[in-house]
>>> print(open('model03.tsv').read())   # TSV, C-alpha atoms
chain	number	residue	atom	x	y	z
A	294	MET	CA	76.73	133.73	63.87
A	295	PRO	CA	75.79	131.01	61.37
A	296	ASP	CA	79.38	130.38	60.19
A	297	LYS	CA	81.03	130.02	63.55
A	298	LYS	CA	82.61	126.59	63.91
A	299	VAL	CA	84.24	124.69	66.72
A	300	THR	CA	86.59	121.73	66.43
A	301	ILE	CA	85.91	118.75	68.65
A	302	GLN	CA	88.58	116.09	68.92
A	303	ALA	CA	87.01	113.00	70.45
A	304	THR	CA	88.61	109.72	71.47
A	305	ARG	CA	87.62	106.80	69.28
A	306	PHE	CA	88.29	103.21	70.23
A	307	ASP	CA	86.72	100.01	69.00
A	308	PRO	CA	88.14	97.09	71.00
A	309	ASP	CA	87.47	94.72	68.09
A	310	ARG	CA	89.45	96.76	65.58
A	311	ASP	CA	91.78	99.24	67.29
A	312	GLU	CA	94.95	98.47	69.18
A	313	LYS	CA	94.84	101.73	71.06
A	314	PRO	CA	92.60	104.80	71.30
A	315	ARG	CA	92.97	107.62	68.78
A	316	LEU	CA	91.59	111.13	68.42
A	317	GLN	CA	89.11	111.93	65.65
A	318	SER	CA	88.47	115.52	64.69
A	319	TYR	CA	85.00	116.94	63.95
A	320	GLU	CA	84.21	120.49	62.91
A	321	ILE	CA	80.67	121.41	63.88
A	322	PRO	CA	78.58	124.60	63.96
A	323	PHE	CA	78.95	126.65	67.13
A	324	SER	CA	75.57	128.27	66.74
A	325	ASP	CA	74.70	129.15	70.30
A	326	GLU	CA	76.82	130.62	73.10
A	327	SER	CA	75.03	128.37	75.58
A	328	MET	CA	76.26	125.20	73.85
A	329	VAL	CA	78.09	122.79	76.10
A	330	VAL	CA	80.49	120.00	75.16
A	331	LEU	CA	77.68	117.44	75.55
A	332	ASP	CA	75.63	119.38	72.97
A	333	ALA	CA	78.57	119.13	70.60
A	334	LEU	CA	78.83	115.36	71.13
A	335	ASN	CA	75.09	115.00	70.59
A	336	TYR	CA	75.36	117.04	67.38
A	337	ILE	CA	78.15	114.77	66.15
A	338	LYS	CA	76.14	111.65	66.97
A	339	SER	CA	72.97	112.98	65.34
A	340	HIS	CA	74.43	114.65	62.24
A	341	VAL	CA	78.00	113.53	61.60
A	342	ASP	CA	78.90	110.14	63.04
A	343	GLY	CA	76.28	107.99	64.73
A	344	SER	CA	78.85	105.46	65.90
A	345	LEU	CA	80.36	107.76	68.54
A	346	SER	CA	79.70	106.22	71.98
A	347	TYR	CA	79.44	108.11	75.26
A	348	ARG	CA	77.28	108.19	78.37
A	349	TRP	CA	74.83	110.91	79.26
A	350	SER	CA	71.38	111.26	80.73
A	351	CYS	CA	69.99	114.32	82.52
A	352	ARG	CA	71.94	117.13	80.80
A	353	MET	CA	71.67	119.27	83.93
A	354	GLY	CA	74.52	118.26	86.26
A	355	ILE	CA	72.50	115.91	88.40
A	356	CYS	CA	72.91	112.35	87.10
A	357	GLY	CA	76.73	112.36	86.94
A	358	SER	CA	76.78	110.26	83.75
A	359	CYS	CA	78.56	112.55	81.30
A	360	GLY	CA	81.93	112.95	83.03
A	361	MET	CA	84.84	113.08	80.56
A	362	MET	CA	88.25	114.68	80.23
A	363	VAL	CA	87.82	118.04	78.51
A	364	ASN	CA	91.15	119.49	77.42
A	365	GLY	CA	92.81	117.33	80.06
A	366	THR	CA	90.54	118.22	82.99
A	367	PRO	CA	87.76	116.00	84.38
A	368	LYS	CA	84.45	117.76	83.68
A	369	LEU	CA	80.76	117.08	83.42
A	370	THR	CA	80.36	117.70	79.69
A	371	CYS	CA	76.87	119.10	80.32
A	372	ASN	CA	78.52	121.79	82.43
A	373	ALA	CA	81.50	122.61	80.18
A	374	PHE	CA	80.64	125.53	77.90
A	375	LEU	CA	82.19	125.62	74.45
A	376	ARG	CA	82.57	129.41	74.73
A	377	ASP	CA	85.17	128.83	77.46
A	378	TYR	CA	87.38	126.92	74.99
A	379	TRP	CA	86.60	128.47	71.61
A	380	PRO	CA	88.43	129.15	69.26
A	381	ARG	CA	90.80	126.44	70.50
A	382	PRO	CA	89.91	122.86	69.64
A	383	VAL	CA	88.10	120.99	72.41
A	384	VAL	CA	89.71	117.63	73.15
A	385	VAL	CA	87.24	115.19	74.69
A	386	GLU	CA	88.67	112.00	76.14
A	387	PRO	CA	87.38	109.27	78.48
A	388	LEU	CA	87.90	109.78	82.20
A	389	ASN	CA	91.46	109.06	83.29
A	390	ASN	CA	92.35	106.11	85.51
A	391	PHE	CA	89.54	103.80	84.33
A	392	PRO	CA	89.62	100.94	81.80
A	393	LEU	CA	88.21	101.96	78.43
A	394	ILE	CA	85.28	100.04	76.96
A	395	ARG	CA	84.64	102.00	73.78
A	396	ASP	CA	85.20	105.58	72.54
A	397	LEU	CA	84.35	107.77	75.56
A	398	VAL	CA	82.78	105.02	77.65
A	399	ILE	CA	84.76	103.79	80.65
A	400	ASP	CA	84.31	100.67	82.77
A	401	MET	CA	82.94	101.83	86.14
A	402	ASP	CA	82.74	98.39	87.81
A	403	ASP	CA	85.64	99.14	90.16
A	404	PHE	CA	83.96	102.28	91.45
A	405	MET	CA	80.60	100.55	91.87
A	406	HIS	CA	82.26	97.77	93.85
A	407	LYS	CA	83.98	100.32	96.11
A	408	LEU	CA	80.80	102.29	96.55
A	409	LYS	CA	78.95	99.16	97.71
A	410	SER	CA	81.79	98.20	100.06
A	411	ILE	CA	81.28	101.27	102.26
A	412	LYS	CA	77.54	100.53	102.66
A	413	PRO	CA	76.22	103.95	101.62
A	414	TRP	CA	72.92	103.70	103.42
A	415	ILE	CA	71.69	104.25	106.98
A	416	ILE	CA	72.44	101.25	109.15
A	417	ARG	CA	70.49	100.75	112.37
A	418	LYS	CA	71.24	98.14	115.01
A	419	GLN	CA	67.54	97.93	115.66
A	420	GLU	CA	64.96	99.73	113.59
A	421	ILE	CA	62.48	101.90	115.42
A	422	PRO	CA	58.97	100.63	114.62
A	423	LEU	CA	56.98	102.87	112.27
A	424	GLY	CA	54.66	103.77	115.14
A	425	GLY	CA	57.66	105.07	117.07
A	426	GLY	CA	57.81	108.18	114.91
A	427	GLU	CA	60.44	109.63	112.62
A	428	HIS	CA	64.19	110.00	113.28
A	429	ARG	CA	64.41	113.67	114.18
A	430	GLN	CA	67.52	115.73	113.46
A	431	THR	CA	68.49	119.27	114.33
A	432	ASN	CA	69.80	121.66	111.66
A	433	ASP	CA	73.28	121.36	113.19
A	434	GLN	CA	73.13	117.57	112.90
A	435	ILE	CA	72.16	117.88	109.22
A	436	ASP	CA	74.90	120.45	108.59
A	437	GLU	CA	77.45	117.91	109.85
A	438	PHE	CA	77.03	115.72	106.76
A	439	ARG	CA	75.06	117.78	104.25
A	440	GLN	CA	77.90	118.71	101.88
A	441	PHE	CA	79.04	115.08	101.60
A	442	SER	CA	75.53	114.03	100.61
A	443	GLU	CA	75.77	116.19	97.47
A	444	CYS	CA	77.98	113.62	95.71
A	445	ILE	CA	76.46	112.42	92.42
A	446	ASN	CA	78.95	109.57	91.81
A	447	CYS	CA	80.25	111.18	88.62
A	448	MET	CA	83.78	109.82	89.29
A	449	LEU	CA	85.53	113.04	88.23
A	450	CYS	CA	87.42	112.88	91.53
A	451	TYR	CA	88.79	109.43	90.66
A	452	ALA	CA	89.94	110.72	87.27
A	453	ALA	CA	91.72	113.62	88.99
A	454	CYS	CA	93.35	111.50	91.69
A	455	PRO	CA	96.93	110.43	90.85
A	456	VAL	CA	96.95	108.15	93.91
A	457	TYR	CA	94.05	106.14	92.43
A	458	GLY	CA	95.77	106.26	89.05
A	459	LEU	CA	98.90	104.71	90.54
A	460	ASN	CA	97.08	102.22	92.77
A	461	ASN	CA	93.49	101.36	91.89
A	462	GLU	CA	93.14	99.37	95.10
A	463	PHE	CA	92.73	102.76	96.82
A	464	LEU	CA	89.17	103.21	98.06
A	465	GLY	CA	89.19	106.69	96.53
A	466	PRO	CA	87.60	110.10	97.14
A	467	ALA	CA	83.86	109.69	96.43
A	468	ALA	CA	83.45	106.41	98.31
A	469	THR	CA	85.20	107.87	101.35
A	470	ALA	CA	83.14	111.06	101.20
A	471	LEU	CA	79.95	109.00	101.14
A	472	ALA	CA	81.18	106.80	103.98
A	473	ARG	CA	81.77	109.96	105.99
A	474	ARG	CA	78.33	111.27	105.03
A	475	TYR	CA	76.72	108.25	106.72
A	476	ASN	CA	79.19	108.07	109.61
A	477	LEU	CA	78.36	111.68	110.49
A	478	ASP	CA	74.62	111.11	110.26
A	479	SER	CA	73.10	111.05	113.75
A	480	ARG	CA	70.60	108.38	112.60
A	481	ASP	CA	73.33	105.97	111.50
A	482	GLN	CA	74.91	103.24	113.63
A	483	GLY	CA	77.05	101.57	110.97
A	484	LEU	CA	80.49	103.04	111.70
A	485	THR	CA	81.95	99.75	112.94
A	486	GLN	CA	80.75	98.01	109.77
A	487	ARG	CA	82.45	100.61	107.57
A	488	LEU	CA	85.67	100.93	109.55
A	489	PRO	CA	87.37	97.79	108.17
A	490	VAL	CA	87.09	99.30	104.67
A	491	ILE	CA	87.78	102.98	105.31
A	492	ALA	CA	90.55	102.52	107.91
A	493	ASP	CA	92.34	99.89	105.81
A	494	THR	CA	95.76	100.67	104.32
A	495	GLU	CA	94.03	100.93	100.93
A	496	GLY	CA	91.38	103.14	102.54
A	497	VAL	CA	92.00	106.65	103.81
A	498	TRP	CA	95.65	105.97	104.65
A	499	GLU	CA	96.56	105.54	100.99
A	500	CYS	CA	95.66	109.20	100.36
A	501	SER	CA	98.57	111.65	100.44
A	502	PHE	CA	96.33	114.73	100.10
A	503	VAL	CA	96.85	115.90	96.56
A	504	GLY	CA	93.53	117.73	96.90
A	505	GLU	CA	92.64	117.67	93.21
A	506	CYS	CA	89.50	115.61	93.91
A	507	SER	CA	87.96	118.57	95.71
A	508	VAL	CA	89.00	121.00	92.98
A	509	VAL	CA	87.24	119.11	90.18
A	510	CYS	CA	84.06	118.17	92.07
A	511	PRO	CA	81.14	119.75	90.17
A	512	LYS	CA	78.90	119.73	93.25
A	513	GLY	CA	81.25	121.45	95.71
A	514	VAL	CA	81.86	118.31	97.76
A	515	ASP	CA	85.24	118.24	99.48
A	516	PRO	CA	86.33	114.58	99.41
A	517	ALA	CA	89.89	115.50	100.45
A	518	LYS	CA	88.43	117.00	103.62
A	519	ALA	CA	86.37	113.85	104.23
A	520	ILE	CA	89.46	111.67	103.87
A	521	GLN	CA	91.70	113.77	106.13
A	522	GLN	CA	89.01	114.10	108.80
A	523	THR	CA	88.44	110.35	108.67
A	524	LYS	CA	92.17	109.84	109.20
A	525	LEU	CA	92.00	112.04	112.29
A	526	ASP	CA	88.84	110.35	113.58
A	527	THR	CA	90.20	106.82	113.14
A	528	THR	CA	93.43	107.85	114.86
A	529	MET	CA	91.53	109.36	117.78
A	530	ARG	CA	89.41	106.25	117.93
A	531	PHE	CA	92.59	104.18	118.20
A	532	VAL	CA	94.07	106.48	120.85
A	533	LEU	CA	90.81	106.98	122.72
A	534	PRO	CA	88.86	103.77	122.12
A	535	PHE	CA	86.13	104.61	124.60
A	536	GLY	CA	83.36	107.16	124.31
A	537	THR	CA	83.12	107.34	120.52
A	538	ARG	CA	79.75	107.08	118.87
A	539	GLU	CA	79.03	103.98	116.79
B	28	MET	CA	99.75	106.54	84.64
B	29	PRO	CA	102.60	108.01	82.59
B	30	ALA	CA	105.79	108.75	84.56
B	31	ASN	CA	105.39	112.47	83.87
B	32	TRP	CA	101.84	112.70	85.27
B	33	TRP	CA	102.97	115.32	87.80
B	34	THR	CA	103.90	117.74	85.02
B	35	ARG	CA	100.32	117.79	83.67
B	36	SER	CA	99.12	120.54	85.96
B	37	ARG	CA	100.53	123.18	88.29
B	38	ARG	CA	98.69	121.69	91.26
B	39	TYR	CA	100.15	118.21	90.66
B	40	PHE	CA	103.61	119.80	90.37
B	41	LEU	CA	103.24	121.72	93.64
B	42	TYR	CA	102.00	118.56	95.35
B	43	VAL	CA	105.08	116.62	94.22
B	44	VAL	CA	107.34	119.50	95.33
B	45	ARG	CA	105.60	119.47	98.73
B	46	GLU	CA	106.18	115.74	99.13
B	47	PHE	CA	109.73	115.93	97.78
B	48	THR	CA	110.80	118.59	100.29
B	49	ALA	CA	110.57	115.96	103.04
B	50	LEU	CA	113.44	113.98	101.50
B	51	PRO	CA	116.34	116.50	101.83
B	52	LEU	CA	114.85	117.50	105.19
B	53	ALA	CA	115.15	113.89	106.38
B	54	LEU	CA	118.77	113.75	105.13
B	55	TRP	CA	119.61	116.96	106.99
B	56	LEU	CA	118.03	115.61	110.20
B	57	LEU	CA	120.07	112.40	109.85
B	58	TRP	CA	123.15	114.56	109.57
B	59	LEU	CA	122.04	116.44	112.69
B	60	LEU	CA	121.97	113.11	114.57
B	61	VAL	CA	125.55	112.48	113.43
B	62	GLU	CA	126.55	115.95	114.68
B	63	ILE	CA	124.86	115.32	118.04
B	64	LYS	CA	126.75	112.03	118.39
B	65	ARG	CA	130.01	113.78	117.55
B	66	ALA	CA	129.23	116.52	120.09
B	67	GLY	CA	128.84	113.77	122.71
B	68	ASP	CA	132.64	113.33	122.69
B	69	GLY	CA	132.95	116.69	124.46
B	70	PRO	CA	133.50	120.31	123.42
B	71	ALA	CA	137.27	119.97	123.18
B	72	ARG	CA	137.10	117.38	120.42
B	73	TYR	CA	134.06	118.78	118.59
B	74	SER	CA	134.12	121.10	115.63
B	75	PRO	CA	130.86	121.61	113.69
B	76	HIS	CA	130.74	120.73	110.01
B	77	GLY	CA	130.85	124.13	108.32
B	78	SER	CA	131.86	123.70	104.67
B	79	ALA	CA	130.36	126.14	102.16
B	80	ALA	CA	128.55	123.28	100.44
B	81	PHE	CA	126.93	122.22	103.71
B	82	VAL	CA	125.87	125.79	104.50
B	83	VAL	CA	124.28	126.11	101.03
B	84	PHE	CA	122.57	122.72	101.52
B	85	SER	CA	121.32	123.85	104.95
B	86	VAL	CA	119.87	127.08	103.52
B	87	ILE	CA	118.09	125.14	100.78
B	88	VAL	CA	116.77	122.67	103.36
B	89	LEU	CA	115.56	125.59	105.48
B	90	LEU	CA	113.58	126.92	102.52
B	91	PHE	CA	112.16	123.44	101.90
B	92	ALA	CA	111.27	123.13	105.59
B	93	LEU	CA	109.47	126.48	105.53
B	94	TYR	CA	107.56	125.52	102.40
B	95	HIS	CA	106.63	122.11	103.82
B	96	SER	CA	105.57	123.63	107.15
B	97	PHE	CA	103.55	126.35	105.45
B	98	THR	CA	101.63	123.87	103.26
B	99	PHE	CA	101.16	121.47	106.19
B	100	LEU	CA	99.79	124.11	108.55
B	101	THR	CA	97.60	125.65	105.85
B	102	LEU	CA	95.93	122.26	105.36
B	103	ALA	CA	95.17	122.00	109.08
B	104	GLY	CA	91.98	123.99	108.52
B	105	THR	CA	90.71	121.23	106.28
B	106	ILE	CA	91.75	118.39	108.55
B	107	ILE	CA	90.83	119.56	112.04
B	108	HIS	CA	87.14	119.59	112.78
B	109	LEU	CA	86.36	121.34	116.07
B	110	ARG	CA	83.22	122.64	117.73
B	111	PHE	CA	83.10	125.35	120.39
B	112	ILE	CA	79.85	125.98	122.28
B	113	ASP	CA	77.95	123.96	119.66
B	114	ARG	CA	79.41	125.97	116.78
B	115	PRO	CA	82.04	124.77	114.30
B	116	VAL	CA	85.34	126.62	114.69
B	117	PRO	CA	86.14	128.40	111.37
B	118	ALA	CA	88.95	126.80	109.35
B	119	SER	CA	90.75	130.16	109.12
B	120	LEU	CA	90.92	130.37	112.93
B	121	ILE	CA	92.33	126.85	113.14
B	122	VAL	CA	95.01	127.71	110.57
B	123	LEU	CA	95.83	130.92	112.40
B	124	SER	CA	96.19	129.05	115.68
B	125	GLN	CA	98.54	126.55	114.04
B	126	PHE	CA	100.78	129.34	112.73
B	127	ALA	CA	100.70	131.03	116.16
B	128	LEU	CA	101.73	127.76	117.84
B	129	TRP	CA	104.46	127.33	115.23
B	130	ALA	CA	105.80	130.83	115.97
B	131	VAL	CA	105.67	130.26	119.75
B	132	ALA	CA	107.38	126.85	119.46
B	133	SER	CA	110.08	128.32	117.19
B	134	GLY	CA	110.63	131.17	119.66
B	135	VAL	CA	110.93	128.79	122.63
B	136	ILE	CA	113.36	126.50	120.79
B	137	ALA	CA	115.45	129.48	119.62
B	138	PHE	CA	115.53	130.84	123.18
B	139	VAL	CA	116.60	127.48	124.64
B	140	LEU	CA	119.30	127.00	122.00
B	141	ILE	CA	120.69	130.54	122.41
B	142	TRP	CA	120.42	130.46	126.22
B	143	PHE	CA	122.22	127.14	126.63
B	144	GLY	CA	124.61	127.90	123.76
B	145	ARG	CA	126.08	130.97	125.46
>>> encode(input="model03.tsv", output="C-alpha cells")
Amino acid sequence: MPDKKVTIQATRFDPDRDEKPRLQSYEIPFSDESMVVLDALNYIKSHVDGSLSYRWSCRMGICGSCGMMVNGTPKLTCNAFLRDYWPRPVVVEPLNNFPLIRDLVIDMDDFMHKLKSIKPWIIRKQEIPLGGGEHRQTNDQIDEFRQFSECINCMLCYAACPVYGLNNEFLGPAATALARRYNLDSRDQGLTQRLPVIADTEGVWECSFVGECSVVCPKGVDPAKAIQQTKLDTTMRFVLPFGTRE
Amino acid sequence: MPANWWTRSRRYFLYVVREFTALPLALWLLWLLVEIKRAGDGPARYSPHGSAAFVVFSVIVLLFALYHSFTFLTLAGTIIHLRFIDRPVPASLIVLSQFALWAVASGVIAFVLIWFGR
C-alpha cells in the first residue's frame, strides 16, 4: 500500500514566538499496519519537520516517556496504532493538566515533586545487617502490592484526572498508587512517614472517584482502587488507632 | 480546565451525573425534616404535602437515589479489601453482599413504616 497516507495534526508551540499552542497538519505515508503514533512523529521529525519536539525513549511501553493526548485520550504513543484511527486524522496534543514547555513537551516538575513526597522506596526503622539474610516474602504478601508496582510514571492518569486538572495541589493517582505499593509491602515500615502526605486534604481525600485514571493506565494499574482503599485504611486507622502495622 | 470538561467523554458525564444526583436528594431530605417537624404538632393538625409538582419531584429524586445507590454500591468492590481464611474476598462477592444488605435494609424500613403507619 505505497500510496496510503495518514494525517497527523500535532500541537506546535514555541514559547518565544507563539502566544498560544496551535495545531499543525502533516500528511505522511502510512506504509505499515504496525505503525504507531510515535512512529508517525519520528517520521515527521526525520523527514518533514526536524523542529517538532516531543519525549520518547524505549518505544515499547516501559519507560513511560511518550505519553500524549491522542484524539483527546491520554495514550502512550508507542502503544497507539495508527490503524485504529485511520482514515480519520490523528490529533496529537501534549498531556492535559500540565504546563506546556514546547510543542508536545510538558513540564513534569509537579509530578516529580509529588512522587518524591511519598517516599517511593522501602523504609526500614532499622536495617537488618547483610549477614542477617534477605527479607523473605510469601507469594500472598507479594500479591498484596504487585499490581501497584507496575506503574511506569507515564502520567497518563494525571492527564485523565479532572480533579487534578481543577486543583493541581491534589497528590494525584500515580503518587498515591505508589505510596500504597510501599505501604502494603511487608518489608516496609514507612507508613507513618507517608501518612502526613497521603492522608492530607490534598491527598486521597481530594479524590471524588472519577475512575478515569484506572481506565487510561497502560499497565493495568488501578490507582482509583489504591486511593479509595487508602481512604478506608486511614479512616480505620483513625477509628481503631491500635493494632495497625507501621 | 474548560468549564465544559465534563462533556468531553461519556464517563466524565456519568461521573458528574452521579455527583449531581446527591443535590436534589439532599433538598428532598431537608424537606422530609420539615415534614417530620410539622408532624410533631400531632395527627389532627398534620396534612402531608401532596401537590402534583412535589410528587413528580419525589419520583425524580427516587430515580436519582436509585442511580446514586447503584453506582455507590457497585464501587464497593473496588474500595473494600477483605481477606477470608488468608484469601482475598472477590470484588463481585463484596458488591453482591452490599446489594443484599441494601435490599434487607429497605425491606426492614418498609416493614417498620407500613407496620407503624397502619
>>> interface_residues(input="model03.tsv", of="chain A", to="chain B", cutoff="8 Å", atoms="all atoms listed in the file", output="number ranges by chain")
A: 390, 455, 458-459, 503, 505, 518, 521-522, 525
>>> residues_around(input="model03.tsv", residues="region 309-321 of chain A", least_positions_apart="5", cutoff="8 Å", atoms="only C-alpha atoms", output="ChimeraX atom specification")
/A:298-304,333,336-337,396
>>> atom_distance(input="model03.tsv", atom1="CA of Phe391 (chain A)", atom2="CA of Lys409 (chain A)")
17.7 Å
>>> atom_distance(input="model03.tsv", atom1="CA of Val398 (chain A)", atom2="CA of Ala468 (chain A)")
20.7 Å
>>> residues_around(input="model03.tsv", residues="Phe323 (chain A)", least_positions_apart="4", cutoff="10 Å", atoms="only C-alpha atoms", output="ChimeraX atom specification")
/A:294-300,327-329,332-333,375-376,379
>>> atom_distance(input="model03.tsv", atom1="CA of Gln482 (chain A)", atom2="CA of Pro466 (chain A)")
21.9 Å
>>> residues_around(input="model03.tsv", residues="Glu495 (chain A)", least_positions_apart="2", cutoff="10 Å", atoms="only C-alpha atoms", output="PyMOL selection string")
chain A and resi 457+460-465+490-493+497-500
>>> write_last_selection(input="model03.tsv", atoms="C-alpha atoms", output="PDB file, in the frame of the given file")
ATOM      1  CA  TYR A 457      94.050 106.140  92.430  1.00  0.00           C
ATOM      2  CA  ASN A 460      97.080 102.220  92.770  1.00  0.00           C
ATOM      3  CA  ASN A 461      93.490 101.360  91.890  1.00  0.00           C
ATOM      4  CA  GLU A 462      93.140  99.370  95.100  1.00  0.00           C
ATOM      5  CA  PHE A 463      92.730 102.760  96.820  1.00  0.00           C
ATOM      6  CA  LEU A 464      89.170 103.210  98.060  1.00  0.00           C
ATOM      7  CA  GLY A 465      89.190 106.690  96.530  1.00  0.00           C
ATOM      8  CA  VAL A 490      87.090  99.300 104.670  1.00  0.00           C
ATOM      9  CA  ILE A 491      87.780 102.980 105.310  1.00  0.00           C
ATOM     10  CA  ALA A 492      90.550 102.520 107.910  1.00  0.00           C
ATOM     11  CA  ASP A 493      92.340  99.890 105.810  1.00  0.00           C
ATOM     12  CA  VAL A 497      92.000 106.650 103.810  1.00  0.00           C
ATOM     13  CA  TRP A 498      95.650 105.970 104.650  1.00  0.00           C
ATOM     14  CA  GLU A 499      96.560 105.540 100.990  1.00  0.00           C
ATOM     15  CA  CYS A 500      95.660 109.200 100.360  1.00  0.00           C
TER      16      CYS A 500
END
>>> residues_around(input="model03.tsv", residues="Cys510 (chain A)", least_positions_apart="3", cutoff="12 Å", atoms="all atoms listed in the file", output="PyMOL selection string")
chain A and resi 354+357+360+366-369+372+440-441+443-454+466-467+470+504-507+513-517
>>> residues_near_point(input="model03.tsv", point="(80.8, 105.4, 77.7)", cutoff="8 Å", atoms="only C-alpha atoms", output="list in words")
Ser346, Tyr347, Arg348, Pro387, Ile394, Arg395, Asp396, Leu397, Val398, Ile399 and Asp400 of chain A
>>> write_last_selection(input="model03.tsv", atoms="C-alpha atoms", output="JSON list (two decimals), in the frame of the given file")
[["chain", "number", "residue", "atom", "x", "y", "z"],
["A", 346, "SER", "CA", 79.70, 106.22, 71.98],
["A", 347, "TYR", "CA", 79.44, 108.11, 75.26],
["A", 348, "ARG", "CA", 77.28, 108.19, 78.37],
["A", 387, "PRO", "CA", 87.38, 109.27, 78.48],
["A", 394, "ILE", "CA", 85.28, 100.04, 76.96],
["A", 395, "ARG", "CA", 84.64, 102.00, 73.78],
["A", 396, "ASP", "CA", 85.20, 105.58, 72.54],
["A", 397, "LEU", "CA", 84.35, 107.77, 75.56],
["A", 398, "VAL", "CA", 82.78, 105.02, 77.65],
["A", 399, "ILE", "CA", 84.76, 103.79, 80.65],
["A", 400, "ASP", "CA", 84.31, 100.67, 82.77]]
>>> residues_around(input="model03.tsv", residues="Thr431 (chain A)", least_positions_apart="2", cutoff="12 Å", atoms="all atoms listed in the file", output="ChimeraX atom specification")
/A:428-429,433-438,478-480 /B:113
>>> write_last_selection(input="model03.tsv", atoms="C-alpha atoms", output="mmCIF file, in the frame of the given file")
data_model
loop_
_atom_site.group_PDB
_atom_site.id
_atom_site.type_symbol
_atom_site.label_atom_id
_atom_site.label_comp_id
_atom_site.auth_asym_id
_atom_site.auth_seq_id
_atom_site.Cartn_x
_atom_site.Cartn_y
_atom_site.Cartn_z
ATOM 1 C CA HIS A 428 64.190 110.000 113.280
ATOM 2 C CA ARG A 429 64.410 113.670 114.180
ATOM 3 C CA ASP A 433 73.280 121.360 113.190
ATOM 4 C CA GLN A 434 73.130 117.570 112.900
ATOM 5 C CA ILE A 435 72.160 117.880 109.220
ATOM 6 C CA ASP A 436 74.900 120.450 108.590
ATOM 7 C CA GLU A 437 77.450 117.910 109.850
ATOM 8 C CA PHE A 438 77.030 115.720 106.760
ATOM 9 C CA ASP A 478 74.620 111.110 110.260
ATOM 10 C CA SER A 479 73.100 111.050 113.750
ATOM 11 C CA ARG A 480 70.600 108.380 112.600
ATOM 12 C CA ASP B 113 77.950 123.960 119.660
#
>>> closest_residue(input="model03.tsv", among="A:Ser358, A:Asn364, A:Asn476, A:Gln430", to="Trp414 (chain A)", atoms="all atoms listed in the file")
A:Asn476
>>> closest_residue(input="model03.tsv", among="A:Pro322, A:Pro413, A:Pro382, A:Gly365", to="Leu484 (chain A)", atoms="all atoms listed in the file")
A:Pro413
>>> axis_aligned_box(input="model03.tsv", around="region 137-144 of chain B", padding_each_side="6 Å", output="JSON")
{"center_x": 120.0, "center_y": 128.9, "center_z": 123.1, "size_x": 21.2, "size_y": 15.8, "size_z": 19.0}
>>> closest_residue(input="model03.tsv", among="A:Leu423, A:Arg305, A:Val363, A:Ser339", to="Arg381 (chain A)", atoms="only C-alpha atoms")
A:Val363
